[in-house]
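Working notes, beginning with the structure itself.
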Amino acid sequence: MAKLFSVASWNVEHFNDEPSRVNRVIDFLNGQSPDVFGLYEVEGATVFDALIAKMPNYTFQITEGPQTQEILVGVRKTLTAFITQKVTFKSGTTHMRPGQLVTISRDGRNYALLFLHLSSGTDPRGMGLRDDMLERSFEFRRTLDQAVGGQGKSRYLFLGDLNTMGMQYPFDRSIDATLELRKWDRYAARATIAMRRLVKTHDASWFNGSNSSLPPSNLDHVYASTNLNFKVFPRPDGTDANVSVRGWVDETTAAQKDAWIGKFSDHSLLYFEVHT
């Protein structure tokens, strides 16, 4: 199989105008050499200016609206791409981020990538917003299939910080994060959807450091249509994965993980390659 393009997805928590951190983050991102990337929680104009200066071989688009945290996408200039802002993934709430849809054209075929940063929170409202946005994301496959003339023909994936953290509720009615993912994995497997969640080299991608009361969590994901092929990466247990998690997960000690989180983000970066 040959590589068609590579993708990086990274929530850089409160990515704003601190120049030293902005430069560190962009250098780390540049080191992955993705053809397409999405950054979440972009808050400052300095970020956009620094990206233009340090990544001149990319074109960029950032979401716009009343929300304070934006999604910024970049595409290597050697690729043919069309980028659109999808406000339907705001679930009718003004403060939520819209999705960023990047359509890549390679060898006469279109590949649709929907970058998302979904609602956080373990309260019923937070989970309800995630439910709505995830269902819209899966059902968008049907829209794409209709556009290309047949069920299962579109090449589609959605990815990002999906914030799958479950729901806390009294009277033993809480929903565990793993159960939330099981629901959407089952939804993805419907014949009319035909998608799957890609296995990552590390399940947990978010960690707030060794002093946090919260454990490392499985928040960042990639769901892809089953007609797509991906590069294989090894997991620590020797099994195969299609998404490489890179960042604090690569550090060996608690102090090293804490230092990486402080320098960059509490989320590790996701990297994968779409192949023929």
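Residue numbering restarts at 1 for every chain of the structure tokens, chains are lettered A, B, ... in their displayed order, and ligands are numbered from 1 as they appear.
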Sel. of helix (DSSP H, G or I) residues, range 96-264 of chain A, as a count of residues only: 50
Range 36-258 of chain A: residues DSSP assigns to strand (DSSP E), reported as a PyMOL selection string: chain A and resi 36-42+58-62+70-76+80-86+99-106+109-117+155-161+195-197+220-225+229-230+233-234+240-241+244-246
Test item: residues at most 8 Å from range 205-217 of chain A, only C-alpha atoms, excluding those fewer than 2 positions along its chain, as a ChimeraX atom specification: /A:165,202-203,219-220,245,249,254-255,257-258,261,266-269
Neighbour list for Asp49 in chain A as a list in words, cut-off 12 Å, only C-alpha atoms, skip fewer than 5 positions in-chain: Asn16, Asp17, Pro19, Val22, Asn23, Ile26, Gly44, Lys54, Met55, Pro56 and Phe60 of chain A
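For the pair CA of Asp35 in chain A and CA of Gly74 in chain A, the separation is 8.1 Å.
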Which of A:Leu228, A:Met127, A:Leu118, A:Val47 sits closest to Asp176 in chain A [using only C-alpha atoms]: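 Between A:Leu228, A:Met127, A:Leu118, A:Val47, the residue approaching Asp176 in chain A most closely is A:Met127.
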Residue nearest Gln32 in chain A among A:Ser244, A:Asn227, A:Ser154, A:Thr276 (counting only C-alpha atoms):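 Ranking A:Ser244, A:Asn227, A:Ser154, A:Thr276 by distance to Gln32 in chain A, first place goes to A:Ser244.
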Distance query Arg190 in chain A at most 12 Å, only C-alpha atoms, self and fewer than 3 positions along chain excluded, as a ChimeraX atom specification: /A:138-139,141-142,151-152,183-187,193-196,225-226
Spatial neighbours of Leu113 in chain A, 7 Å, only C-alpha atoms, chain gap at least 5 places, as an NGL selection string: :A and (101-103 or 156-158)
What does the file look like for those residues with N, CA and C atoms, as a tab-separated table (two decimals), in the first residue's frame?
```
chain	number	residue	atom	x	y	z
A	101	LEU	N	-14.68	20.82	7.77
A	101	LEU	CA	-14.68	19.74	6.79
A	101	LEU	C	-13.61	20.02	5.74
A	102	VAL	N	-12.65	19.11	5.65
A	102	VAL	CA	-11.58	19.21	4.66
A	102	VAL	C	-11.77	18.07	3.65
A	103	THR	N	-11.99	18.41	2.40
A	103	THR	CA	-12.14	17.40	1.35
A	103	THR	C	-10.88	17.38	0.51
A	156	TYR	N	-14.77	8.67	4.02
A	156	TYR	CA	-15.09	9.66	5.05
A	156	TYR	C	-14.51	9.25	6.39
A	157	LEU	N	-14.04	10.22	7.12
A	157	LEU	CA	-13.67	10.00	8.51
A	157	LEU	C	-13.91	11.28	9.30
A	158	PHE	N	-14.22	11.10	10.58
A	158	PHE	CA	-14.27	12.25	11.47
A	158	PHE	C	-13.39	11.97	12.67
```
Who sits within 10 Å of Asp123 in chain A, only C-alpha atoms, same chain under 3 positions skipped, as a ChimeraX atom specification: /A:120,126-128,165-169,174
Go ahead and write the selection's residues with C-alpha atoms as an mmCIF file, in the first residue's frame.
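Ended up saving to out_24.cif:
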```
data_model
loop_
_atom_site.group_PDB
_atom_site.id
_atom_site.type_symbol
_atom_site.label_atom_id
_atom_site.label_comp_id
_atom_site.auth_asym_id
_atom_site.auth_seq_id
_atom_site.Cartn_x
_atom_site.Cartn_y
_atom_site.Cartn_z
ATOM 1 C CA SER A 120 -17.116 18.189 27.449
ATOM 2 C CA GLY A 126 -22.714 17.718 28.225
ATOM 3 C CA MET A 127 -23.386 14.125 27.262
ATOM 4 C CA GLY A 128 -26.590 15.112 25.462
ATOM 5 C CA MET A 165 -16.029 10.922 29.339
ATOM 6 C CA GLY A 166 -19.348 9.338 30.269
ATOM 7 C CA MET A 167 -21.975 10.861 32.547
ATOM 8 C CA GLN A 168 -22.297 11.190 36.316
ATOM 9 C CA TYR A 169 -25.804 10.682 37.691
ATOM 10 C CA SER A 174 -24.105 6.921 35.819
#
```
Pairwise distance for CA of Asp107 in chain A and CA of Val73 in chain A, rounded to one decimal in Å: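 Separation of CA of Asp107 in chain A and CA of Val73 in chain A: 22.2 Å.
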Among the residues A:Ala259, A:Glu70, A:Asn229, A:Val36, the one that comes closest to Ala2 in chain A [using only C-alpha atoms]: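 Smallest distance to Ala2 in chain A is found for A:Asn229.
CA of Leu181 in chain A sits 19.3 Å away from CA of Asn11 in chain A.
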